[in-house]
$ cat start-v2.cif   # mmCIF, C-alpha atoms
data_run
loop_
_atom_site.group_PDB
_atom_site.id
_atom_site.type_symbol
_atom_site.label_atom_id
_atom_site.label_comp_id
_atom_site.auth_asym_id
_atom_site.auth_seq_id
_atom_site.Cartn_x
_atom_site.Cartn_y
_atom_site.Cartn_z
ATOM 1 C CA MET R 1370 62.641 -109.496 45.820
ATOM 2 C CA ILE R 1371 62.473 -109.269 42.030
ATOM 3 C CA ALA R 1372 65.368 -110.932 40.206
ATOM 4 C CA GLN R 1373 67.975 -108.207 39.762
ATOM 5 C CA ARG R 1374 68.376 -108.484 35.992
ATOM 6 C CA LEU R 1375 64.587 -108.348 35.524
ATOM 7 C CA GLN R 1376 64.281 -105.361 37.873
ATOM 8 C CA GLU R 1377 67.085 -103.507 36.088
ATOM 9 C CA PHE R 1378 65.622 -104.250 32.648
ATOM 10 C CA LEU R 1379 62.134 -103.080 33.590
ATOM 11 C CA ASP R 1380 63.420 -99.946 35.274
ATOM 12 C CA GLN R 1381 65.884 -99.052 32.494
ATOM 13 C CA HIS R 1382 63.083 -99.335 29.956
ATOM 14 C CA ASN R 1383 60.605 -97.354 32.069
ATOM 15 C CA ALA R 1384 58.208 -100.299 32.001
ATOM 16 C CA MET R 1385 54.787 -99.848 33.508
ATOM 17 C CA TYR R 1386 54.264 -102.701 35.966
ATOM 18 C CA THR R 1387 53.148 -103.526 39.461
ATOM 19 C CA HIS R 1388 55.193 -105.673 41.822
ATOM 20 C CA LYS R 1389 53.317 -107.678 44.428
ATOM 21 C CA THR R 1390 54.265 -110.286 46.978
ATOM 22 C CA HIS R 1391 52.130 -113.159 48.213
ATOM 23 C CA ARG R 1392 52.426 -116.323 50.260
ATOM 24 C CA LEU R 1393 54.899 -118.934 49.088
ATOM 25 C CA THR R 1394 53.540 -120.788 46.034
ATOM 26 C CA TYR R 1395 55.080 -123.407 43.772
ATOM 27 C CA THR R 1396 52.519 -123.705 40.993
ATOM 28 C CA SER R 1397 51.038 -121.118 38.691
ATOM 29 C CA LYS R 1398 47.510 -122.103 39.762
ATOM 30 C CA ASP R 1399 48.451 -121.466 43.406
ATOM 31 C CA LEU R 1400 50.024 -118.164 42.366
ATOM 32 C CA ALA R 1401 46.727 -117.122 40.760
ATOM 33 C CA GLN R 1402 44.833 -117.990 43.930
ATOM 34 C CA ALA R 1403 47.326 -116.263 46.238
ATOM 35 C CA ASP R 1404 47.397 -113.144 44.066
ATOM 36 C CA HIS R 1405 43.609 -113.095 43.559
ATOM 37 C CA VAL R 1406 43.767 -113.100 39.764
ATOM 38 C CA PRO R 1407 42.124 -115.456 37.264
ATOM 39 C CA PRO R 1408 44.430 -118.330 36.238
ATOM 40 C CA TRP R 1409 44.096 -117.460 32.545
ATOM 41 C CA GLU R 1410 45.995 -114.201 33.228
ATOM 42 C CA VAL R 1411 48.934 -115.943 34.928
ATOM 43 C CA ALA R 1412 51.820 -116.728 32.586
ATOM 44 C CA LYS R 1413 53.268 -120.156 33.339
ATOM 45 C CA THR R 1414 56.827 -120.289 31.988
ATOM 46 C CA VAL R 1415 57.936 -123.747 30.846
ATOM 47 C CA VAL R 1416 61.518 -124.295 29.700
ATOM 48 C CA VAL R 1417 61.799 -126.600 26.711
ATOM 49 C CA VAL R 1418 64.573 -127.809 24.442
ATOM 50 C CA ALA R 1419 63.488 -127.487 20.804
ATOM 51 C CA ASP R 1420 65.825 -129.237 18.356
ATOM 52 C CA GLY R 1421 68.618 -128.748 20.886
ATOM 53 C CA VAL R 1422 67.874 -125.063 21.580
ATOM 54 C CA PHE R 1423 66.450 -123.780 24.864
ATOM 55 C CA ALA R 1424 63.166 -121.897 24.582
ATOM 56 C CA LEU R 1425 60.374 -120.666 26.847
ATOM 57 C CA ALA R 1426 56.858 -121.931 26.220
ATOM 58 C CA VAL R 1427 54.415 -119.648 28.026
ATOM 59 C CA VAL R 1428 50.842 -120.705 28.679
ATOM 60 C CA PRO R 1429 48.045 -119.619 31.021
ATOM 61 C CA ALA R 1430 48.119 -121.199 34.491
ATOM 62 C CA ASN R 1431 44.967 -123.161 33.703
ATOM 63 C CA ALA R 1432 46.616 -124.838 30.699
ATOM 64 C CA MET R 1433 49.479 -127.180 29.921
ATOM 65 C CA VAL R 1434 52.043 -127.174 27.135
ATOM 66 C CA ASP R 1435 51.199 -129.683 24.398
ATOM 67 C CA LEU R 1436 54.730 -130.599 23.327
ATOM 68 C CA GLU R 1437 53.554 -132.246 20.109
ATOM 69 C CA ALA R 1438 51.494 -129.172 19.132
ATOM 70 C CA LEU R 1439 54.495 -126.967 19.913
ATOM 71 C CA ARG R 1440 56.763 -129.201 17.814
ATOM 72 C CA ARG R 1441 54.360 -128.998 14.869
ATOM 73 C CA ALA R 1442 53.884 -125.224 15.243
ATOM 74 C CA LEU R 1443 57.647 -124.702 15.207
ATOM 75 C CA GLY R 1444 58.174 -127.141 12.339
ATOM 76 C CA ILE R 1445 60.956 -128.958 14.164
ATOM 77 C CA ARG R 1446 61.915 -132.571 14.770
ATOM 78 C CA SER R 1447 61.950 -132.770 18.553
ATOM 79 C CA VAL R 1448 60.939 -130.889 21.670
ATOM 80 C CA ARG R 1449 61.253 -131.935 25.286
ATOM 81 C CA LEU R 1450 61.020 -130.408 28.730
ATOM 82 C CA ALA R 1451 64.330 -129.109 30.065
ATOM 83 C CA SER R 1452 65.719 -130.855 33.132
ATOM 84 C CA GLU R 1453 65.948 -129.094 36.488
ATOM 85 C CA LYS R 1454 69.745 -129.096 36.117
ATOM 86 C CA GLU R 1455 69.475 -127.393 32.715
ATOM 87 C CA ILE R 1456 66.996 -124.838 34.051
ATOM 88 C CA ALA R 1457 69.204 -124.016 37.044
ATOM 89 C CA ALA R 1458 72.192 -123.463 34.731
ATOM 90 C CA LEU R 1459 70.174 -121.281 32.326
ATOM 91 C CA PHE R 1460 68.545 -119.179 35.087
ATOM 92 C CA PRO R 1461 71.199 -119.045 37.829
ATOM 93 C CA ASP R 1462 69.782 -115.948 39.517
ATOM 94 C CA VAL R 1463 66.212 -117.143 40.085
ATOM 95 C CA GLU R 1464 64.512 -119.783 42.182
ATOM 96 C CA LEU R 1465 63.881 -122.986 40.266
ATOM 97 C CA GLY R 1466 60.430 -122.779 38.718
ATOM 98 C CA ALA R 1467 60.041 -119.018 39.252
ATOM 99 C CA MET R 1468 61.413 -117.777 35.917
ATOM 100 C CA ALA R 1469 59.903 -114.689 34.373
ATOM 101 C CA PRO R 1470 59.031 -115.173 30.678
ATOM 102 C CA PHE R 1471 61.832 -112.814 29.593
ATOM 103 C CA GLY R 1472 64.089 -115.018 27.472
ATOM 104 C CA ASN R 1473 65.766 -111.899 26.106
ATOM 105 C CA LEU R 1474 67.473 -111.472 29.491
ATOM 106 C CA TYR R 1475 69.121 -114.898 29.290
ATOM 107 C CA GLY R 1476 71.066 -115.050 26.046
ATOM 108 C CA ASN R 1477 68.075 -114.308 23.812
ATOM 109 C CA VAL R 1478 66.203 -117.503 24.609
ATOM 110 C CA PRO R 1479 63.205 -117.604 22.221
ATOM 111 C CA VAL R 1480 59.810 -117.086 23.840
ATOM 112 C CA TYR R 1481 56.658 -118.739 22.485
ATOM 113 C CA VAL R 1482 53.351 -117.570 23.945
ATOM 114 C CA ASP R 1483 50.120 -119.470 23.562
ATOM 115 C CA ARG R 1484 47.451 -117.502 21.723
ATOM 116 C CA ALA R 1485 45.045 -117.725 24.702
ATOM 117 C CA LEU R 1486 47.439 -115.828 26.958
ATOM 118 C CA ALA R 1487 48.264 -113.304 24.237
ATOM 119 C CA SER R 1488 44.584 -112.335 24.083
ATOM 120 C CA GLU R 1489 44.565 -111.159 27.709
ATOM 121 C CA GLU R 1490 44.822 -107.469 28.536
ATOM 122 C CA GLU R 1491 47.051 -108.087 31.558
ATOM 123 C CA VAL R 1492 49.538 -110.820 32.410
ATOM 124 C CA VAL R 1493 50.919 -111.848 35.768
ATOM 125 C CA PHE R 1494 54.163 -113.790 36.147
ATOM 126 C CA ASN R 1495 56.807 -114.864 38.620
ATOM 127 C CA ALA R 1496 59.577 -112.334 39.116
ATOM 128 C CA GLY R 1497 62.369 -114.728 40.077
ATOM 129 C CA THR R 1498 61.023 -115.990 43.391
ATOM 130 C CA HIS R 1499 58.041 -118.022 44.536
ATOM 131 C CA ARG R 1500 56.696 -114.965 46.398
ATOM 132 C CA ASP R 1501 57.185 -112.070 43.957
ATOM 133 C CA VAL R 1502 54.988 -111.383 40.945
ATOM 134 C CA ILE R 1503 54.799 -108.765 38.251
ATOM 135 C CA HIS R 1504 51.549 -107.471 36.764
ATOM 136 C CA MET R 1505 51.792 -105.717 33.409
ATOM 137 C CA LYS R 1506 49.791 -105.141 30.267
ATOM 138 C CA TYR R 1507 50.286 -107.938 27.757
ATOM 139 C CA ARG R 1508 51.055 -105.409 25.030
ATOM 140 C CA ASP R 1509 53.927 -104.013 27.149
ATOM 141 C CA PHE R 1510 55.261 -107.506 27.825
ATOM 142 C CA ALA R 1511 55.133 -108.258 24.085
ATOM 143 C CA HIS R 1512 56.893 -104.965 23.318
ATOM 144 C CA PHE R 1513 59.842 -105.924 25.523
ATOM 145 C CA VAL R 1514 60.041 -109.664 24.804
ATOM 146 C CA HIS R 1515 58.859 -109.985 21.179
ATOM 147 C CA PRO R 1516 57.378 -113.456 21.679
ATOM 148 C CA GLU R 1517 56.133 -115.595 18.851
ATOM 149 C CA VAL R 1518 52.427 -116.252 19.358
ATOM 150 C CA MET R 1519 50.981 -119.626 18.391
ATOM 151 C CA SER R 1520 48.570 -122.278 19.672
ATOM 152 C CA PHE R 1521 50.151 -125.078 21.695
ATOM 153 C CA ALA R 1522 48.289 -125.353 25.008
ATOM 154 C CA PHE R 1523 45.546 -127.617 26.223
ATOM 155 C CA PRO R 1524 43.324 -127.243 29.306
ATOM 156 C CA GLY R 1525 45.100 -128.374 32.438
#

$ encode --input "start-v2.cif" --output "structure tokens"
Amino acid sequence: MIAQRLQEFLDQHNAMYTHKTHRLTYTSKDLAQADHVPPWEVAKTVVVVADGVFALAVVPANAMVDLEALRRALGIRSVRLASEKEIAALFPDVELGAMAPFGNLYGNVPVYVDRALASEEEVVFNAGTHRDVIHMKYRDFAHFVHPEVMSFAFPG
């Protein structure tokens, strides 16, 4: 089942998307395989703390977040991965590790998307569980989320 606040947001905004379910997966690469999509279309959502502020760093499933590159791109002093406890508190209505890249639904958490993912026509992402995914056009995702696009990923 799609996380309720995500479902309500998408429906209230008449978003064009497809909801699919697949076998239980815990990594974005497994999600790509289970959903039969290329890993570069799967948006892996990584929660970071950038100069004390929570943010979402979104990269393709076949990449990893380069924290130092992200720090430089943001022009800040420090960036680190959020702890599981912090993530659970920030996203109380989703399964740990299955956050959709919609920071605007959680207190306007900034969203940073790697340029490689932003160049894709379609993106696929977790919808709050490890079984539910959303497919939508990247341009529609960007319209709703207003992410900042920059380069901060490396092949993973």

$ closest_residue --input "start-v2.cif" --among "R:Ala1372, R:Val1478, R:Ala1511, R:Val1434" --to "R:Leu1459" --atoms "only C-alpha atoms"
R:Val1478

$ residues_near_point --input "start-v2.cif" --point "(71.0, -117.4, 40.2)" --cutoff "12 Å" --atoms "only C-alpha atoms" --output "list in words"
Ile1371, Ala1372, Gln1373, Arg1374, Ile1456, Ala1457, Ala1458, Leu1459, Phe1460, Pro1461, Asp1462, Val1463, Glu1464, Leu1465, Gly1466, Ala1467, Met1468, Tyr1475, Gly1497 and Thr1498 of chain R

$ residues_near_point --input "start-v2.cif" --point "(52.2, -119.3, 23.9)" --cutoff "10 Å" --atoms "only C-alpha atoms" --output "PyMOL selection string"
chain R and resi 1412-1414+1425-1429+1434+1439+1480-1487+1516-1522

$ resolve_selection --input "start-v2.cif" --expression "the PyMOL selection byres ((chain R and resi 1420) around 8)" --output "list of chain:residue names"
R:Val1418, R:Ala1419, R:Gly1421, R:Val1422, R:Ile1445, R:Arg1446, R:Ser1447, R:Val1448

$ atom_distance --input "start-v2.cif" --atom1 "atom CA of R:Leu1379" --atom2 "atom CA of R:Pro1470"
12.8 Å

$ closest_residue --input "start-v2.cif" --among "R:Phe1471, R:Tyr1507, R:Phe1423, R:Phe1523" --to "R:Ser1488" --atoms "only C-alpha atoms"
R:Tyr1507

$ closest_residue --input "start-v2.cif" --among "R:Lys1506, R:Val1416, R:His1515, R:Tyr1395" --to "R:Glu1455" --atoms "all atoms listed in the file"
R:Val1416

$ resolve_selection --input "start-v2.cif" --expression "the PyMOL selection byres ((chain R and resi 1384) around 10)" --output "ChimeraX atom specification"
/R:1376,1378-1383,1385-1387,1505-1506,1509-1510,1512-1513

$ write_last_selection --input "start-v2.cif" --atoms "C-alpha atoms" --output "PDB file, in the frame of the given file"
ATOM      1  CA  GLN R1376      64.281-105.361  37.873  1.00  0.00           C
ATOM      2  CA  PHE R1378      65.622-104.250  32.648  1.00  0.00           C
ATOM      3  CA  LEU R1379      62.134-103.080  33.590  1.00  0.00           C
ATOM      4  CA  ASP R1380      63.420 -99.946  35.274  1.00  0.00           C
ATOM      5  CA  GLN R1381      65.884 -99.052  32.494  1.00  0.00           C
ATOM      6  CA  HIS R1382      63.083 -99.335  29.956  1.00  0.00           C
ATOM      7  CA  ASN R1383      60.605 -97.354  32.069  1.00  0.00           C
ATOM      8  CA  MET R1385      54.787 -99.848  33.508  1.00  0.00           C
ATOM      9  CA  TYR R1386      54.264-102.701  35.966  1.00  0.00           C
ATOM     10  CA  THR R1387      53.148-103.526  39.461  1.00  0.00           C
ATOM     11  CA  MET R1505      51.792-105.717  33.409  1.00  0.00           C
ATOM     12  CA  LYS R1506      49.791-105.141  30.267  1.00  0.00           C
ATOM     13  CA  ASP R1509      53.927-104.013  27.149  1.00  0.00           C
ATOM     14  CA  PHE R1510      55.261-107.506  27.825  1.00  0.00           C
ATOM     15  CA  HIS R1512      56.893-104.965  23.318  1.00  0.00           C
ATOM     16  CA  PHE R1513      59.842-105.924  25.523  1.00  0.00           C
TER      17      PHE R1513
END

$ residues_around --input "start-v2.cif" --residues "R:Phe1494" --least-positions-apart "4" --cutoff "6 Å" --atoms "all atoms listed in the file" --output "MDAnalysis selection string"
chainID R and resid 1411:1412 1502:1503

$ atom_distance --input "start-v2.cif" --atom1 "atom CA of R:Thr1394" --atom2 "atom CA of R:Asp1501"
9.7 Å

$ atom_distance --input "start-v2.cif" --atom1 "atom CA of R:Trp1409" --atom2 "atom CA of R:Gly1444"
26.5 Å

$ axis_aligned_box --input "start-v2.cif" --around "stretch 1373-1376 of chain R" --padding-each-side "5 Å" --output "lines of an AutoDock Vina configuration file"
center_x = 66.3
center_y = -106.9
center_z = 37.6
size_x = 14.1
size_y = 13.1
size_z = 14.2

$ decode --input "start-v2.cif" --residues "stretch 1393-1427 of chain R" --atoms "N, CA, C and O atoms" --output "PDB file, in the first residue's frame"
ATOM      1  N   LEU R1393       9.241  -8.554  -2.072  1.00  0.00           N
ATOM      2  CA  LEU R1393       9.903  -7.781  -1.034  1.00  0.00           C
ATOM      3  C   LEU R1393      11.362  -7.518  -1.420  1.00  0.00           C
ATOM      4  O   LEU R1393      12.087  -8.458  -1.744  1.00  0.00           O
ATOM      5  N   THR R1394      11.764  -6.246  -1.421  1.00  0.00           N
ATOM      6  CA  THR R1394      13.147  -5.879  -1.720  1.00  0.00           C
ATOM      7  C   THR R1394      13.620  -4.848  -0.701  1.00  0.00           C
ATOM      8  O   THR R1394      12.821  -4.056  -0.197  1.00  0.00           O
ATOM      9  N   TYR R1395      14.914  -4.874  -0.419  1.00  0.00           N
ATOM     10  CA  TYR R1395      15.465  -3.926   0.552  1.00  0.00           C
ATOM     11  C   TYR R1395      16.511  -2.995  -0.034  1.00  0.00           C
ATOM     12  O   TYR R1395      16.964  -2.087   0.635  1.00  0.00           O
ATOM     13  N   THR R1396      16.903  -3.210  -1.274  1.00  0.00           N
ATOM     14  CA  THR R1396      17.853  -2.304  -1.904  1.00  0.00           C
ATOM     15  C   THR R1396      17.257  -1.789  -3.210  1.00  0.00           C
ATOM     16  O   THR R1396      16.381  -2.433  -3.806  1.00  0.00           O
ATOM     17  N   SER R1397      17.742  -0.646  -3.632  1.00  0.00           N
ATOM     18  CA  SER R1397      17.227  -0.075  -4.875  1.00  0.00           C
ATOM     19  C   SER R1397      17.630  -0.921  -6.086  1.00  0.00           C
ATOM     20  O   SER R1397      16.885  -0.993  -7.065  1.00  0.00           O
ATOM     21  N   LYS R1398      18.779  -1.571  -6.029  1.00  0.00           N
ATOM     22  CA  LYS R1398      19.173  -2.451  -7.139  1.00  0.00           C
ATOM     23  C   LYS R1398      18.235  -3.648  -7.228  1.00  0.00           C
ATOM     24  O   LYS R1398      17.840  -4.051  -8.318  1.00  0.00           O
ATOM     25  N   ASP R1399      17.854  -4.215  -6.071  1.00  0.00           N
ATOM     26  CA  ASP R1399      16.892  -5.319  -6.072  1.00  0.00           C
ATOM     27  C   ASP R1399      15.525  -4.855  -6.557  1.00  0.00           C
ATOM     28  O   ASP R1399      14.820  -5.587  -7.240  1.00  0.00           O
ATOM     29  N   LEU R1400      15.149  -3.630  -6.184  1.00  0.00           N
ATOM     30  CA  LEU R1400      13.883  -3.065  -6.644  1.00  0.00           C
ATOM     31  C   LEU R1400      13.876  -3.004  -8.170  1.00  0.00           C
ATOM     32  O   LEU R1400      12.893  -3.394  -8.811  1.00  0.00           O
ATOM     33  N   ALA R1401      14.965  -2.533  -8.753  1.00  0.00           N
ATOM     34  CA  ALA R1401      15.056  -2.438 -10.216  1.00  0.00           C
ATOM     35  C   ALA R1401      14.876  -3.812 -10.851  1.00  0.00           C
ATOM     36  O   ALA R1401      14.131  -3.956 -11.831  1.00  0.00           O
ATOM     37  N   GLN R1402      15.526  -4.812 -10.280  1.00  0.00           N
ATOM     38  CA  GLN R1402      15.419  -6.166 -10.821  1.00  0.00           C
ATOM     39  C   GLN R1402      13.998  -6.702 -10.664  1.00  0.00           C
ATOM     40  O   GLN R1402      13.428  -7.255 -11.606  1.00  0.00           O
ATOM     41  N   ALA R1403      13.410  -6.529  -9.497  1.00  0.00           N
ATOM     42  CA  ALA R1403      12.062  -7.041  -9.244  1.00  0.00           C
ATOM     43  C   ALA R1403      11.019  -6.343 -10.105  1.00  0.00           C
ATOM     44  O   ALA R1403      10.022  -6.953 -10.500  1.00  0.00           O
ATOM     45  N   ASP R1404      11.234  -5.073 -10.402  1.00  0.00           N
ATOM     46  CA  ASP R1404      10.276  -4.293 -11.169  1.00  0.00           C
ATOM     47  C   ASP R1404      10.592  -4.277 -12.666  1.00  0.00           C
ATOM     48  O   ASP R1404       9.879  -3.646 -13.443  1.00  0.00           O
ATOM     49  N   HIS R1405      11.677  -4.942 -13.041  1.00  0.00           N
ATOM     50  CA  HIS R1405      12.071  -5.068 -14.453  1.00  0.00           C
ATOM     51  C   HIS R1405      12.311  -3.715 -15.116  1.00  0.00           C
ATOM     52  O   HIS R1405      11.841  -3.447 -16.216  1.00  0.00           O
ATOM     53  N   VAL R1406      13.035  -2.854 -14.412  1.00  0.00           N
ATOM     54  CA  VAL R1406      13.413  -1.549 -14.953  1.00  0.00           C
ATOM     55  C   VAL R1406      14.925  -1.393 -14.813  1.00  0.00           C
ATOM     56  O   VAL R1406      15.543  -2.004 -13.935  1.00  0.00           O
ATOM     57  N   PRO R1407      15.547  -0.573 -15.657  1.00  0.00           N
ATOM     58  CA  PRO R1407      16.987  -0.367 -15.524  1.00  0.00           C
ATOM     59  C   PRO R1407      17.298   0.371 -14.214  1.00  0.00           C
ATOM     60  O   PRO R1407      16.540   1.258 -13.804  1.00  0.00           O
ATOM     61  N   PRO R1408      18.401   0.031 -13.559  1.00  0.00           N
ATOM     62  CA  PRO R1408      18.722   0.649 -12.270  1.00  0.00           C
ATOM     63  C   PRO R1408      18.929   2.157 -12.350  1.00  0.00           C
ATOM     64  O   PRO R1408      18.694   2.860 -11.367  1.00  0.00           O
ATOM     65  N   TRP R1409      19.299   2.680 -13.510  1.00  0.00           N
ATOM     66  CA  TRP R1409      19.522   4.119 -13.621  1.00  0.00           C
ATOM     67  C   TRP R1409      18.209   4.904 -13.617  1.00  0.00           C
ATOM     68  O   TRP R1409      18.228   6.106 -13.483  1.00  0.00           O
ATOM     69  N   GLU R1410      17.063   4.218 -13.714  1.00  0.00           N
ATOM     70  CA  GLU R1410      15.768   4.895 -13.609  1.00  0.00           C
ATOM     71  C   GLU R1410      15.190   4.861 -12.186  1.00  0.00           C
ATOM     72  O   GLU R1410      14.226   5.545 -11.895  1.00  0.00           O
ATOM     73  N   VAL R1411      15.793   4.039 -11.327  1.00  0.00           N
ATOM     74  CA  VAL R1411      15.289   3.898  -9.956  1.00  0.00           C
ATOM     75  C   VAL R1411      15.923   4.968  -9.077  1.00  0.00           C
ATOM     76  O   VAL R1411      17.143   5.095  -9.004  1.00  0.00           O
ATOM     77  N   ALA R1412      15.083   5.732  -8.410  1.00  0.00           N
ATOM     78  CA  ALA R1412      15.545   6.804  -7.523  1.00  0.00           C
ATOM     79  C   ALA R1412      15.798   6.234  -6.128  1.00  0.00           C
ATOM     80  O   ALA R1412      14.868   5.818  -5.445  1.00  0.00           O
ATOM     81  N   LYS R1413      17.064   6.208  -5.748  1.00  0.00           N
ATOM     82  CA  LYS R1413      17.450   5.779  -4.402  1.00  0.00           C
ATOM     83  C   LYS R1413      17.454   7.023  -3.518  1.00  0.00           C
ATOM     84  O   LYS R1413      18.180   7.979  -3.778  1.00  0.00           O
ATOM     85  N   THR R1414      16.644   7.013  -2.472  1.00  0.00           N
ATOM     86  CA  THR R1414      16.511   8.156  -1.578  1.00  0.00           C
ATOM     87  C   THR R1414      17.382   7.948  -0.353  1.00  0.00           C
ATOM     88  O   THR R1414      17.165   6.999   0.408  1.00  0.00           O
ATOM     89  N   VAL R1415      18.354   8.824  -0.170  1.00  0.00           N
ATOM     90  CA  VAL R1415      19.289   8.745   0.957  1.00  0.00           C
ATOM     91  C   VAL R1415      19.068   9.971   1.835  1.00  0.00           C
ATOM     92  O   VAL R1415      19.114  11.101   1.355  1.00  0.00           O
ATOM     93  N   VAL R1416      18.828   9.732   3.122  1.00  0.00           N
ATOM     94  CA  VAL R1416      18.606  10.844   4.051  1.00  0.00           C
ATOM     95  C   VAL R1416      19.952  11.273   4.613  1.00  0.00           C
ATOM     96  O   VAL R1416      20.708  10.456   5.135  1.00  0.00           O
ATOM     97  N   VAL R1417      20.234  12.558   4.479  1.00  0.00           N
ATOM     98  CA  VAL R1417      21.482  13.120   4.984  1.00  0.00           C
ATOM     99  C   VAL R1417      21.173  14.273   5.942  1.00  0.00           C
ATOM    100  O   VAL R1417      20.051  14.783   5.979  1.00  0.00           O
ATOM    101  N   VAL R1418      22.187  14.643   6.702  1.00  0.00           N
ATOM    102  CA  VAL R1418      22.107  15.821   7.556  1.00  0.00           C
ATOM    103  C   VAL R1418      23.187  16.771   7.057  1.00  0.00           C
ATOM    104  O   VAL R1418      24.380  16.468   7.140  1.00  0.00           O
ATOM    105  N   ALA R1419      22.762  17.893   6.493  1.00  0.00           N
ATOM    106  CA  ALA R1419      23.663  18.863   5.871  1.00  0.00           C
ATOM    107  C   ALA R1419      23.713  20.120   6.734  1.00  0.00           C
ATOM    108  O   ALA R1419      22.724  20.845   6.821  1.00  0.00           O
ATOM    109  N   ASP R1420      24.849  20.333   7.379  1.00  0.00           N
ATOM    110  CA  ASP R1420      24.989  21.455   8.328  1.00  0.00           C
ATOM    111  C   ASP R1420      23.823  21.479   9.312  1.00  0.00           C
ATOM    112  O   ASP R1420      23.226  22.518   9.586  1.00  0.00           O
ATOM    113  N   GLY R1421      23.470  20.299   9.823  1.00  0.00           N
ATOM    114  CA  GLY R1421      22.436  20.182  10.838  1.00  0.00           C
ATOM    115  C   GLY R1421      21.015  20.139  10.328  1.00  0.00           C
ATOM    116  O   GLY R1421      20.077  20.062  11.116  1.00  0.00           O
ATOM    117  N   VAL R1422      20.819  20.170   9.009  1.00  0.00           N
ATOM    118  CA  VAL R1422      19.478  20.177   8.415  1.00  0.00           C
ATOM    119  C   VAL R1422      19.265  18.882   7.633  1.00  0.00           C
ATOM    120  O   VAL R1422      20.107  18.501   6.819  1.00  0.00           O
ATOM    121  N   PHE R1423      18.141  18.220   7.871  1.00  0.00           N
ATOM    122  CA  PHE R1423      17.828  17.011   7.105  1.00  0.00           C
ATOM    123  C   PHE R1423      17.586  17.363   5.652  1.00  0.00           C
ATOM    124  O   PHE R1423      17.021  18.408   5.331  1.00  0.00           O
ATOM    125  N   ALA R1424      18.019  16.471   4.765  1.00  0.00           N
ATOM    126  CA  ALA R1424      17.816  16.632   3.328  1.00  0.00           C
ATOM    127  C   ALA R1424      17.759  15.248   2.698  1.00  0.00           C
ATOM    128  O   ALA R1424      18.202  14.264   3.297  1.00  0.00           O
ATOM    129  N   LEU R1425      17.212  15.176   1.491  1.00  0.00           N
ATOM    130  CA  LEU R1425      17.181  13.934   0.729  1.00  0.00           C
ATOM    131  C   LEU R1425      18.129  14.060  -0.449  1.00  0.00           C
ATOM    132  O   LEU R1425      18.017  14.994  -1.245  1.00  0.00           O
ATOM    133  N   ALA R1426      19.059  13.133  -0.534  1.00  0.00           N
ATOM    134  CA  ALA R1426      19.982  13.047  -1.665  1.00  0.00           C
ATOM    135  C   ALA R1426      19.494  11.876  -2.515  1.00  0.00           C
ATOM    136  O   ALA R1426      19.427  10.742  -2.027  1.00  0.00           O
ATOM    137  N   VAL R1427      19.129  12.140  -3.745  1.00  0.00           N
ATOM    138  CA  VAL R1427      18.501  11.133  -4.595  1.00  0.00           C
ATOM    139  C   VAL R1427      19.411  10.831  -5.777  1.00  0.00           C
ATOM    140  O   VAL R1427      19.757  11.725  -6.549  1.00  0.00           O
TER     141      VAL R1427
END
